[in-house]
Amino acid sequence: MNLLSNLPMLADADGGLFFGPANSTFAPMVDDLFDLIYWISAFFFVLIVGVMVYFVLKYYRRPGHGPQPSPTHNNTLEIAWSVLPSFLLVVFFVMGFTNYMSMRTPPDDAYEIHVQAKKWSWLFVYPNGAESSDLHIPVGRPVRFILESEDVLHNMFVPAFRTKMDCVPGRYNEIWVQAVNTTGTGVNPDDHKPHDLFCAEYCGRDHSNMHAFVYVYETGDFDAWLEKASNLYEGNTMVQVGEILYKRKGCISCHSIDGTKKAGPSFKDSFGTAHKFTDGTEAVMDENYIRESIRDPRAKVVAGYQPVMPVFPSSRLSDKDITAIAEFIKSLK
Amino acid sequence: MSVGSTPDKFQAANLDGAQTREDNYLLASSGVGSWLFTLDHKRIGVMYLVGILVSFFLGGIFALILRAELFTGTKLFLTEDQYNQMFTLHGAVMTFLFIIPSIPAALGNFVLPVMLGQKDVAFPRMNLGSFYLWVVGAIFFLCAIIFGGLDTGWTFYTPYSVTTSTRVILALLGVFVLGFSSIFTGLNFIVTINTMRPHGMTWFKMPLFLWSIYATSIIQLLATPVLGITGLLLIAERALHIGIFDPEMGGDPVLFQHFFWFYSHPAVYIMILPAMGIISELIAVFSRKHIFGYRFIAYSSIAIALLGFLVWGHHMFVSGQSQLAAVVFSGLTFSVSIPSAIKVFNWLATMYKGSISLATPMCYALAFIFLFTIGGLTGLFLGALATDIQLHDTYFVVAHFHYVMMGGTLVAFVGGLYYWWPKMFGVMYNENAGRLFCLIVFLGFNLTFFPQFIMGARGMPRRYARYVEEFQIYHQLSTLGAFLLGIGMVGAIGVLLYSLYRGKKAPANPWGANTLEWMCSSPPPLANFDNPPPVGDPYDYSNLRYDEREGGYVTVPGPAKKTSSH
């Protein structure tokens, strides 16, 4: 591993100055290649700068010292220092290439998760139809991600997995990973120390806030989590379900719950109060108003905002879901 | 081959050393109009220099605002939207208005014809036209900033750039016009070097700076039109809703990346090649040694220019392009590192047994070797596929290209500016002050960008207004470094500006260089030379001796072989 990890400065315990926590089968290969290139580069850097400094110290201009004759070219030497480093480049290329192929070739029996990126939230869809806004996977099992985007380019990047891939609208990309460690014990996410999942392709205003967590469970715990996630209404109050949907369906990217003005009005203290619309009329927010705003957002647009909210038909949000969201908004008074 | 011809009226001017108007291009005529309508390559170069330094100042202010905001991971004073506009403008202004024209258009314009012993470039009117195209392009950029800003990143990736409400079309028109400025400059230089080399200056007796400018010009001529067309397609998509890149309209967003990088990767070499040319001159002159391996350096410039066209796909390793394409582009990418390495080894060998002066330009040249070596070597991590997957779109990439573009090109530009400053304005700057600010720039630069390698490798994505706490220490170091770097740059430019008022008069040849621009007075007369200067080996310093009275070097009869120019 990287010798720099012995330096106390800046380095923390998890793998050296240049490496964050690693948790995938190919992470060690990536880190080893990084180390190899690092030490060979360090050798050449020290050589070049060392020779440069040595020459400056030895030949600096001073009285009684002048330039001494030396050849102005030497083909053998020049061909040698052109060709010999090339062999190292071939080694880097081949190692980079072979590791890349294994990083990009998912096993046939991989578990499949659909990743739907949009401005500015993630939605992970599991084979049984369960959905989540953070990523939950089982340990020790290959997981294949099928990436898509609803709007602009995004990129799913999990530093601990050492992998990333663009989410491109209008096509599917894929990556896969097999985690080697769990992020905690048990089925409850609160008992885990999750990995970060970032958006790594610039996608507009909240690019840097398009963040999710990655939870890795023991197989049995994952199955239990999945079971719970697919029955959203079981064991959760309507308010809790509403909050989950608020995050998962992307409401969160335009409607704050703390009063911050985003692309849409904040939900804080909005239920039961009067709102002015762009056409000059006014109405008090109640359940029917919320329902109308979700099914037909252009019907009433709050003054001072653009009509940019997308329509959510019943295929994307059931009537029951809308009730839950209304309960959640109500709870923010 | 045309021999440098000088109109009679200029020959008559140089009688018994009296200062006449024609003896100094700065005094040859006066008034604003004499600058705005000048066809003199030196004045055009100076006007470029002013424009470029203003752009650099603007881009630098944007950078400091960004770094200040990033001192913490939460909001300090910029909203996300403001931050995104700021990094876009920093990148776009630095790339299109500063770094691409910096060395060729400002220094190259001034130096190239004099290095050839000529009165001017081949097409002086086209040269002035290039400058005004640059001005028009800059005005488009300013309009984009004033009337709504730009938040696409300097890369204009689709479909975001098709859908955002900021001023994409204005900025693209600016890029389009700036592209023509670049093309005309490249064309002008190619024709000038091909047809106006003086008698005796064969291809392999050209100073290496001219080789690098020639290689650069080839890229400008061949690659820039692709950028122009790509910009027009994007304008057509935005304005006329013709589906090219946006999948909503049946387009392909990755196609845009291919088009964009087909220009913009070669453009990286438009930025670095002239810098390498400057370093070849500086290392030889300040070591008082013939450049080592002239032909290898000259050929490597051409090799970089050609190989640079074949590697654009490495910007798309994680875009979903085919795995075969990724592998091919990775292999080709490694090949382009060899000619760069050759140059570094040759520069070191040039210093061997030399008499090394640590004048300010040489300090910048040494800083260049240090920083460019880091920039080049970190490219290996990005060329190798498996490691690139982790490092792509992180701060590792940001640090890598700043080491090459800023540690390389900018440092060489400032070194070259110090080197040719006495020739351009006829004054000497203060050496100790120059060296001091060079040191501050060097330290500030490393403090700014080295921590970015670490946080990038650890997973900090680029273009982030907010970040998670684990990266804060690296961001804070980087921000401190950026302000130190800012102080260093302001000081470095300040030393030069101060010399305009207080500097000692410069001799014709303060550094003892043997390229032709040092054979006319400082600053040069309007016509550069009364008679075509004799052409010799540009790196033979054996017949130049320091003259105390003159304060510079003079030619003494020596053993060197000289080919006369007629």
# chains A, B, ... in the order shown; residues from 1 in each chain; ligands from 1
$ select_by_dssp --residues "stretch 61-101 of chain A" --states "alpha helix (DSSP H)" --output "ChimeraX atom specification"
/A:75-101
$ residues_around --residues "A:Asp196" --least-positions-apart "3" --cutoff "9 Å" --atoms "only C-alpha atoms" --output "VMD selection string"
chain A and resid 157 to 160 211 to 214
$ closest_residue --among "A:Asn74, A:Ile329, A:Leu33, A:Lys276" --to "A:Ser256" --atoms "only C-alpha atoms"
A:Ile329
$ atom_distance --atom1 "atom CA of B:Thr152" --atom2 "atom CA of A:His154"
13.4 Å
$ atom_distance --atom1 "atom CA of A:Glu243" --atom2 "atom CA of A:Thr278"
28.0 Å
$ residues_around --residues "B:Thr72" --least-positions-apart "4" --cutoff "9 Å" --atoms "only C-alpha atoms" --output "ChimeraX atom specification"
/B:68,76,466-467,469,472,475-476
$ atom_distance --atom1 "atom CA of A:Trp225" --atom2 "atom CA of A:Arg104"
27.8 Å
$ select_by_dssp --residues "stretch 477-560 of chain B" --states "strand (DSSP E)" --output "PyMOL selection string"
chain B and resi 504-505+544-547+552-555
